[in-house]
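Asks: Take a look at coords.cif, mmCIF, N, CA and C atoms:
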data_data
loop_
_atom_site.label_atom_id
_atom_site.label_comp_id
_atom_site.auth_asym_id
_atom_site.auth_seq_id
_atom_site.Cartn_x
_atom_site.Cartn_y
_atom_site.Cartn_z
N GLY A 1 77.31 79.77 -123.20
CA GLY A 1 76.47 80.40 -124.15
C GLY A 1 75.09 79.77 -124.20
N GLU A 2 74.18 80.47 -124.78
CA GLU A 2 72.81 80.01 -124.97
C GLU A 2 72.59 79.68 -126.45
N PRO A 3 71.81 78.64 -126.74
CA PRO A 3 71.51 78.36 -128.14
C PRO A 3 70.66 79.47 -128.75
N GLU A 4 70.88 79.74 -130.01
CA GLU A 4 70.09 80.74 -130.73
C GLU A 4 69.18 80.01 -131.70
N TYR A 5 67.88 80.13 -131.51
CA TYR A 5 66.90 79.40 -132.30
C TYR A 5 66.40 80.19 -133.49
N GLY A 6 66.61 81.49 -133.50
CA GLY A 6 66.18 82.29 -134.63
C GLY A 6 64.72 82.68 -134.59
N SER A 7 64.05 82.41 -133.48
CA SER A 7 62.63 82.75 -133.38
C SER A 7 62.40 83.65 -132.18
N PRO A 8 61.63 84.73 -132.35
CA PRO A 8 61.33 85.58 -131.20
C PRO A 8 60.26 84.96 -130.29
N ASP A 9 59.57 83.91 -130.77
CA ASP A 9 58.50 83.25 -130.02
C ASP A 9 59.11 82.23 -129.07
N LYS A 10 59.27 82.58 -127.81
CA LYS A 10 59.92 81.70 -126.84
C LYS A 10 59.11 80.43 -126.55
N LYS A 11 57.81 80.45 -126.82
CA LYS A 11 56.98 79.26 -126.62
C LYS A 11 57.20 78.24 -127.74
N HIS A 12 57.53 78.72 -128.93
CA HIS A 12 57.73 77.86 -130.09
C HIS A 12 59.07 78.20 -130.75
N GLU A 13 60.16 78.00 -130.02
CA GLU A 13 61.47 78.42 -130.50
C GLU A 13 61.90 77.71 -131.79
N PHE A 14 61.36 76.52 -132.03
CA PHE A 14 61.67 75.78 -133.25
C PHE A 14 60.51 75.84 -134.25
N GLY A 15 59.58 76.75 -134.04
CA GLY A 15 58.38 76.81 -134.86
C GLY A 15 57.29 75.95 -134.23
N GLU A 16 56.12 75.97 -134.80
CA GLU A 16 55.03 75.14 -134.29
C GLU A 16 55.13 73.76 -134.90
N LEU A 17 55.02 72.74 -134.06
CA LEU A 17 55.11 71.37 -134.53
C LEU A 17 53.83 70.95 -135.22
N ASP A 18 53.96 70.09 -136.22
CA ASP A 18 52.79 69.47 -136.81
C ASP A 18 52.13 68.61 -135.75
N PRO A 19 50.83 68.32 -135.90
CA PRO A 19 50.20 67.37 -134.98
C PRO A 19 50.94 66.03 -135.05
N GLN A 20 51.03 65.33 -133.92
CA GLN A 20 51.81 64.10 -133.84
C GLN A 20 51.36 63.06 -134.87
N ASP A 21 50.07 63.04 -135.22
CA ASP A 21 49.61 62.06 -136.20
C ASP A 21 50.12 62.35 -137.62
N LYS A 22 50.73 63.50 -137.82
CA LYS A 22 51.30 63.84 -139.13
C LYS A 22 52.83 63.73 -139.15
N TRP A 23 53.43 63.35 -138.02
CA TRP A 23 54.87 63.20 -137.98
C TRP A 23 55.31 62.08 -138.92
N ALA A 24 56.50 62.21 -139.42
CA ALA A 24 57.08 61.17 -140.26
C ALA A 24 58.58 61.41 -140.38
N GLY A 25 59.26 60.39 -140.76
CA GLY A 25 60.67 60.48 -141.08
C GLY A 25 60.88 59.75 -142.39
N TRP A 26 61.76 60.26 -143.20
CA TRP A 26 61.98 59.67 -144.51
C TRP A 26 63.42 59.20 -144.67
N ILE A 27 63.57 58.00 -145.21
CA ILE A 27 64.85 57.48 -145.65
C ILE A 27 64.75 57.37 -147.17
N THR A 28 65.67 57.97 -147.88
CA THR A 28 65.64 57.95 -149.33
C THR A 28 66.93 57.32 -149.85
N ALA A 29 66.77 56.28 -150.67
CA ALA A 29 67.92 55.62 -151.29
C ALA A 29 68.07 56.17 -152.71
N VAL A 30 69.30 56.55 -153.04
CA VAL A 30 69.59 57.12 -154.35
C VAL A 30 70.61 56.23 -155.06
N ASP A 31 70.34 55.91 -156.32
CA ASP A 31 71.29 55.16 -157.13
C ASP A 31 72.49 56.07 -157.39
N ALA A 32 73.66 55.67 -156.91
CA ALA A 32 74.86 56.52 -157.02
C ALA A 32 75.31 56.71 -158.46
N ASP A 33 75.00 55.78 -159.34
CA ASP A 33 75.41 55.90 -160.74
C ASP A 33 74.51 56.85 -161.53
N SER A 34 73.20 56.72 -161.33
CA SER A 34 72.26 57.52 -162.12
C SER A 34 71.78 58.78 -161.42
N GLY A 35 71.87 58.80 -160.08
CA GLY A 35 71.34 59.92 -159.31
C GLY A 35 69.84 59.85 -159.11
N LYS A 36 69.21 58.79 -159.58
CA LYS A 36 67.76 58.64 -159.44
C LYS A 36 67.40 58.01 -158.10
N VAL A 37 66.23 58.40 -157.58
CA VAL A 37 65.74 57.82 -156.33
C VAL A 37 65.37 56.36 -156.58
N ALA A 38 65.97 55.47 -155.80
CA ALA A 38 65.69 54.04 -155.93
C ALA A 38 64.44 53.67 -155.15
N TRP A 39 64.30 54.23 -153.92
CA TRP A 39 63.12 54.00 -153.09
C TRP A 39 63.10 55.00 -151.97
N LYS A 40 61.93 55.13 -151.35
CA LYS A 40 61.76 55.96 -150.15
C LYS A 40 61.01 55.13 -149.12
N HIS A 41 61.43 55.27 -147.86
CA HIS A 41 60.73 54.61 -146.75
C HIS A 41 60.23 55.69 -145.80
N LYS A 42 58.94 55.64 -145.51
CA LYS A 42 58.34 56.60 -144.57
C LYS A 42 58.25 55.95 -143.19
N ALA A 43 59.01 56.49 -142.24
CA ALA A 43 58.97 56.02 -140.86
C ALA A 43 57.88 56.79 -140.11
N ALA A 44 57.42 56.24 -139.01
CA ALA A 44 56.34 56.84 -138.23
C ALA A 44 56.76 58.12 -137.51
N ALA A 45 58.06 58.32 -137.32
CA ALA A 45 58.57 59.49 -136.60
C ALA A 45 59.87 59.93 -137.27
N PRO A 46 60.34 61.13 -136.98
CA PRO A 46 61.60 61.59 -137.58
C PRO A 46 62.75 60.62 -137.31
N VAL A 47 63.60 60.47 -138.29
CA VAL A 47 64.76 59.58 -138.19
C VAL A 47 65.97 60.45 -137.88
N MET A 48 66.50 60.30 -136.66
CA MET A 48 67.65 61.08 -136.23
C MET A 48 68.88 60.20 -135.99
N SER A 49 68.73 58.91 -136.18
CA SER A 49 69.85 58.00 -135.96
C SER A 49 70.77 58.02 -137.16
N GLY A 50 71.85 57.29 -137.02
CA GLY A 50 72.69 57.02 -138.17
C GLY A 50 71.94 56.11 -139.13
N VAL A 51 72.39 56.07 -140.35
CA VAL A 51 71.87 55.15 -141.37
C VAL A 51 73.02 54.23 -141.72
N THR A 52 72.85 52.93 -141.46
CA THR A 52 73.96 52.00 -141.60
C THR A 52 73.64 50.92 -142.63
N PRO A 53 74.21 51.04 -143.84
CA PRO A 53 74.04 49.98 -144.83
C PRO A 53 75.04 48.86 -144.58
N THR A 54 74.67 47.65 -144.96
CA THR A 54 75.55 46.50 -144.76
C THR A 54 75.83 45.81 -146.09
N ALA A 55 76.90 45.04 -146.13
CA ALA A 55 77.24 44.26 -147.32
C ALA A 55 76.20 43.17 -147.57
N GLY A 56 75.43 42.82 -146.55
CA GLY A 56 74.40 41.79 -146.68
C GLY A 56 73.08 42.30 -147.24
N GLY A 57 73.03 43.57 -147.67
CA GLY A 57 71.82 44.09 -148.29
C GLY A 57 70.77 44.60 -147.32
N ILE A 58 71.20 44.94 -146.11
CA ILE A 58 70.29 45.48 -145.08
C ILE A 58 70.74 46.90 -144.74
N VAL A 59 69.77 47.78 -144.45
CA VAL A 59 70.05 49.14 -144.00
C VAL A 59 69.38 49.31 -142.64
N PHE A 60 70.16 49.64 -141.62
CA PHE A 60 69.62 49.84 -140.27
C PHE A 60 69.38 51.33 -140.04
N VAL A 61 68.19 51.67 -139.49
CA VAL A 61 67.83 53.04 -139.12
C VAL A 61 66.97 52.99 -137.86
N GLY A 62 66.91 54.11 -137.15
CA GLY A 62 66.06 54.20 -135.96
C GLY A 62 65.35 55.53 -135.94
N ASP A 63 64.16 55.57 -135.32
CA ASP A 63 63.41 56.83 -135.30
C ASP A 63 63.26 57.38 -133.88
N MET A 64 62.67 58.56 -133.79
CA MET A 64 62.54 59.27 -132.52
C MET A 64 61.51 58.67 -131.57
N MET A 65 60.72 57.72 -132.02
CA MET A 65 59.78 57.04 -131.13
C MET A 65 60.32 55.68 -130.68
N GLY A 66 61.55 55.37 -131.05
CA GLY A 66 62.21 54.16 -130.55
C GLY A 66 62.10 52.94 -131.44
N ALA A 67 61.73 53.12 -132.69
CA ALA A 67 61.69 51.97 -133.60
C ALA A 67 63.06 51.81 -134.25
N LEU A 68 63.66 50.63 -134.07
CA LEU A 68 64.88 50.27 -134.79
C LEU A 68 64.45 49.36 -135.92
N MET A 69 64.82 49.71 -137.15
CA MET A 69 64.36 48.96 -138.31
C MET A 69 65.52 48.47 -139.15
N ALA A 70 65.33 47.30 -139.74
CA ALA A 70 66.22 46.78 -140.77
C ALA A 70 65.43 46.82 -142.07
N LEU A 71 65.93 47.59 -143.04
CA LEU A 71 65.27 47.73 -144.33
C LEU A 71 66.02 46.93 -145.39
N ASP A 72 65.28 46.38 -146.33
CA ASP A 72 65.89 45.73 -147.48
C ASP A 72 66.54 46.82 -148.34
N ALA A 73 67.83 46.70 -148.61
CA ALA A 73 68.55 47.75 -149.32
C ALA A 73 68.08 47.92 -150.76
N ARG A 74 67.48 46.91 -151.34
CA ARG A 74 67.00 47.02 -152.73
C ARG A 74 65.62 47.63 -152.83
N SER A 75 64.75 47.38 -151.84
CA SER A 75 63.35 47.81 -151.95
C SER A 75 62.93 48.84 -150.91
N GLY A 76 63.64 48.91 -149.78
CA GLY A 76 63.24 49.78 -148.68
C GLY A 76 62.20 49.17 -147.78
N ASP A 77 61.80 47.92 -148.05
CA ASP A 77 60.82 47.24 -147.21
C ASP A 77 61.40 46.90 -145.84
N VAL A 78 60.58 46.99 -144.80
CA VAL A 78 61.01 46.62 -143.45
C VAL A 78 61.08 45.09 -143.37
N VAL A 79 62.26 44.56 -143.03
CA VAL A 79 62.42 43.11 -142.89
C VAL A 79 62.51 42.69 -141.43
N TRP A 80 62.74 43.67 -140.53
CA TRP A 80 62.81 43.41 -139.10
C TRP A 80 62.63 44.73 -138.37
N GLN A 81 61.99 44.68 -137.21
CA GLN A 81 61.79 45.89 -136.42
C GLN A 81 61.79 45.52 -134.94
N HIS A 82 62.32 46.42 -134.12
CA HIS A 82 62.33 46.22 -132.66
C HIS A 82 62.04 47.55 -131.99
N LYS A 83 61.19 47.53 -130.98
CA LYS A 83 60.85 48.73 -130.21
C LYS A 83 61.89 48.90 -129.10
N LEU A 84 62.64 50.01 -129.17
CA LEU A 84 63.62 50.35 -128.13
C LEU A 84 62.91 51.10 -127.01
N ASP A 85 63.56 51.21 -125.85
CA ASP A 85 62.98 51.97 -124.73
C ASP A 85 62.94 53.46 -125.01
N GLY A 86 63.83 53.95 -125.85
CA GLY A 86 63.90 55.37 -126.13
C GLY A 86 64.27 55.63 -127.58
N ALA A 87 64.34 56.90 -127.93
CA ALA A 87 64.64 57.29 -129.30
C ALA A 87 66.04 56.86 -129.72
N ALA A 88 66.16 56.42 -130.96
CA ALA A 88 67.45 56.08 -131.54
C ALA A 88 67.99 57.36 -132.17
N GLY A 89 69.00 57.94 -131.56
CA GLY A 89 69.49 59.21 -132.05
C GLY A 89 70.97 59.23 -132.30
N GLY A 90 71.63 58.13 -132.10
CA GLY A 90 73.07 58.09 -132.32
C GLY A 90 73.40 57.14 -133.45
N GLY A 91 74.62 56.70 -133.43
CA GLY A 91 75.07 55.79 -134.47
C GLY A 91 74.53 54.39 -134.31
N ILE A 92 74.52 53.68 -135.42
CA ILE A 92 74.18 52.26 -135.44
C ILE A 92 75.37 51.58 -136.10
N ILE A 93 75.92 50.58 -135.42
CA ILE A 93 77.07 49.88 -135.99
C ILE A 93 76.76 48.40 -136.09
N THR A 94 77.47 47.74 -136.97
CA THR A 94 77.42 46.29 -137.06
C THR A 94 78.85 45.79 -137.01
N TYR A 95 79.05 44.67 -136.33
CA TYR A 95 80.42 44.17 -136.18
C TYR A 95 80.40 42.67 -135.97
N ASP A 96 81.55 42.06 -136.17
CA ASP A 96 81.74 40.62 -136.00
C ASP A 96 82.57 40.41 -134.74
N ALA A 97 82.14 39.48 -133.91
CA ALA A 97 82.91 39.11 -132.72
C ALA A 97 82.82 37.60 -132.55
N GLY A 98 83.95 36.96 -132.61
CA GLY A 98 83.98 35.51 -132.43
C GLY A 98 83.19 34.76 -133.50
N GLY A 99 83.16 35.30 -134.71
CA GLY A 99 82.45 34.63 -135.80
C GLY A 99 80.95 34.87 -135.80
N LYS A 100 80.46 35.75 -134.93
CA LYS A 100 79.04 36.06 -134.86
C LYS A 100 78.84 37.53 -135.17
N GLN A 101 77.76 37.85 -135.89
CA GLN A 101 77.46 39.23 -136.28
C GLN A 101 76.56 39.90 -135.25
N PHE A 102 76.85 41.17 -134.93
CA PHE A 102 76.07 41.95 -133.97
C PHE A 102 75.72 43.31 -134.56
N VAL A 103 74.64 43.90 -134.03
CA VAL A 103 74.24 45.26 -134.36
C VAL A 103 74.08 46.00 -133.03
N ALA A 104 74.68 47.19 -132.92
CA ALA A 104 74.58 47.99 -131.71
C ALA A 104 74.02 49.36 -132.06
N VAL A 105 73.12 49.87 -131.19
CA VAL A 105 72.48 51.16 -131.44
C VAL A 105 72.43 51.96 -130.14
N ALA A 106 72.62 53.27 -130.26
CA ALA A 106 72.47 54.16 -129.12
C ALA A 106 70.99 54.49 -128.97
N SER A 107 70.45 54.28 -127.77
CA SER A 107 69.02 54.50 -127.50
C SER A 107 68.88 55.43 -126.30
N GLY A 108 67.82 56.25 -126.32
CA GLY A 108 67.55 57.12 -125.19
C GLY A 108 67.81 58.58 -125.46
N MET A 109 67.94 58.95 -126.74
CA MET A 109 68.14 60.35 -127.08
C MET A 109 66.92 61.17 -126.68
N THR A 110 67.16 62.36 -126.18
CA THR A 110 66.06 63.29 -125.92
C THR A 110 66.25 64.51 -126.80
N SER A 111 65.18 65.20 -127.07
CA SER A 111 65.23 66.34 -127.98
C SER A 111 64.30 67.43 -127.49
N PRO A 112 64.74 68.69 -127.60
CA PRO A 112 63.84 69.79 -127.25
C PRO A 112 62.78 70.02 -128.32
N ILE A 113 62.94 69.40 -129.49
CA ILE A 113 62.00 69.59 -130.59
C ILE A 113 60.94 68.49 -130.60
N TRP A 114 61.38 67.24 -130.58
CA TRP A 114 60.47 66.10 -130.69
C TRP A 114 60.26 65.47 -129.33
N PRO A 115 59.03 65.40 -128.86
CA PRO A 115 58.77 64.76 -127.56
C PRO A 115 58.93 63.25 -127.67
N SER A 116 60.13 62.79 -127.41
CA SER A 116 60.44 61.36 -127.49
C SER A 116 60.32 60.73 -126.10
N PRO A 117 60.23 59.39 -126.06
CA PRO A 117 60.15 58.73 -124.75
C PRO A 117 61.36 59.07 -123.89
N LYS A 118 61.13 59.34 -122.61
CA LYS A 118 62.21 59.66 -121.67
C LYS A 118 62.67 58.38 -121.00
N THR A 119 63.96 58.11 -121.11
CA THR A 119 64.53 56.90 -120.53
C THR A 119 66.02 57.11 -120.34
N THR A 120 66.65 56.19 -119.69
CA THR A 120 68.10 56.22 -119.52
C THR A 120 68.78 55.88 -120.83
N ALA A 121 69.76 56.67 -121.21
CA ALA A 121 70.50 56.38 -122.44
C ALA A 121 71.29 55.09 -122.27
N LYS A 122 71.34 54.32 -123.33
CA LYS A 122 72.07 53.05 -123.29
C LYS A 122 72.46 52.61 -124.68
N ILE A 123 73.34 51.67 -124.75
CA ILE A 123 73.69 51.00 -125.99
C ILE A 123 73.00 49.65 -125.97
N VAL A 124 72.22 49.37 -127.01
CA VAL A 124 71.50 48.09 -127.12
C VAL A 124 72.17 47.27 -128.22
N VAL A 125 72.46 46.00 -127.91
CA VAL A 125 73.17 45.14 -128.85
C VAL A 125 72.29 43.94 -129.18
N PHE A 126 72.19 43.64 -130.47
CA PHE A 126 71.44 42.49 -130.96
C PHE A 126 72.39 41.56 -131.70
N ASP A 127 72.17 40.25 -131.58
CA ASP A 127 72.92 39.34 -132.43
C ASP A 127 72.10 39.09 -133.68
N VAL A 128 72.78 38.88 -134.78
CA VAL A 128 72.13 38.67 -136.06
C VAL A 128 72.16 37.17 -136.36
N PRO A 129 70.98 36.57 -136.51
CA PRO A 129 70.96 35.10 -136.76
C PRO A 129 71.53 34.73 -138.11
#
As structure tokens - that is how I would like this structure written.

Replies:
Amino acid sequence: GEPEYGSPDKKHEFGELDPQDKWAGWITAVDADSGKVAWKHKAAAPVMSGVTPTAGGIVFVGDMMGALMALDARSGDVVWQHKLDGAAGGGIITYDAGGKQFVAVASGMTSPIWPSPKTTAKIVVFDVP
């Protein structure tokens, strides 16, 4: 089968994109008890990765331009960032192995909508100090 985009305009099947300098991705934290927005983080590009909160007060997210970020869970401030070779579009996990903490992210997603860096898909693993 063929995907159905809902647009008769074959040149812009997903609509016309905003200029790249206006792209953004938003992560919004909501207080589960009150339903109020606790904070919002504006990323430089759309966020298509998983959002992974940790017991240590960190939230991991990645964007379509390859930025992997660790946000402070209380404030939304970036506490660490790493440039991946490609877009982060899959899950982000954290795990313990041999008493050491690791974070793994899927990198290299491509999209017909967002012109992301083209690279070989891979899993990138970081150790957490």

Asks: Run the PyMOL selection byres ((chain A and resi 38-45) around 6) against the file shown and list the residues it catches, as a VMD selection string.

Replies: chain A and resid 23 to 31 36 to 37 46 to 47 63 to 65 75 to 76

Asks: What do you get, as a PyMOL selection string, if you spell out every residue that the PyMOL selection byres (((chain A and resi 85 and name CA) around 8) and name CA) selects here?

Replies: chain A and resi 66+83-84+86-87+107-108+117+119

Asks: CA of Ser111 in chain A to CA of Gly91 in chain A: how many Å, to one decimal?

Replies: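 That distance, rounded to one decimal, is 15.8 Å.
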
Asks: Grab the CA of Val59 in chain A to CA of Asp18 in chain A distance for me, in Å with one decimal place.

Replies: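 Atom-to-atom, CA of Val59 in chain A to CA of Asp18 in chain A, that is 27.6 Å.
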
Asks: What does the distance between CA of Ile113 in chain A and CA of Gln81 in chain A come to in Å, to one decimal place?

Replies: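 Answer for the CA of Ile113 in chain A to CA of Gln81 in chain A separation: 24.4 Å.
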
Asks: If we draw a sphere of 6 Å around (75.8, 51.7, -136.7), which residues have at least one atom in it when counting only N, CA and C atoms? Please report them as a list in words.

Replies: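 It turns out the residues near that spot are Thr52, Gly91, Ile92, Ile93, Thr94 and Ala104 of chain A.
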
Asks: Name the closest residue to Lys100 in chain A among the candidates A:Pro8, A:Val61, A:Ala73, A:Val128; distances are taken between atoms, counting only N, CA and C atoms.

Replies: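 Checking each of A:Pro8, A:Val61, A:Ala73, A:Val128 against Lys100 in chain A, counting only N, CA and C atoms, the winner is A:Val128.
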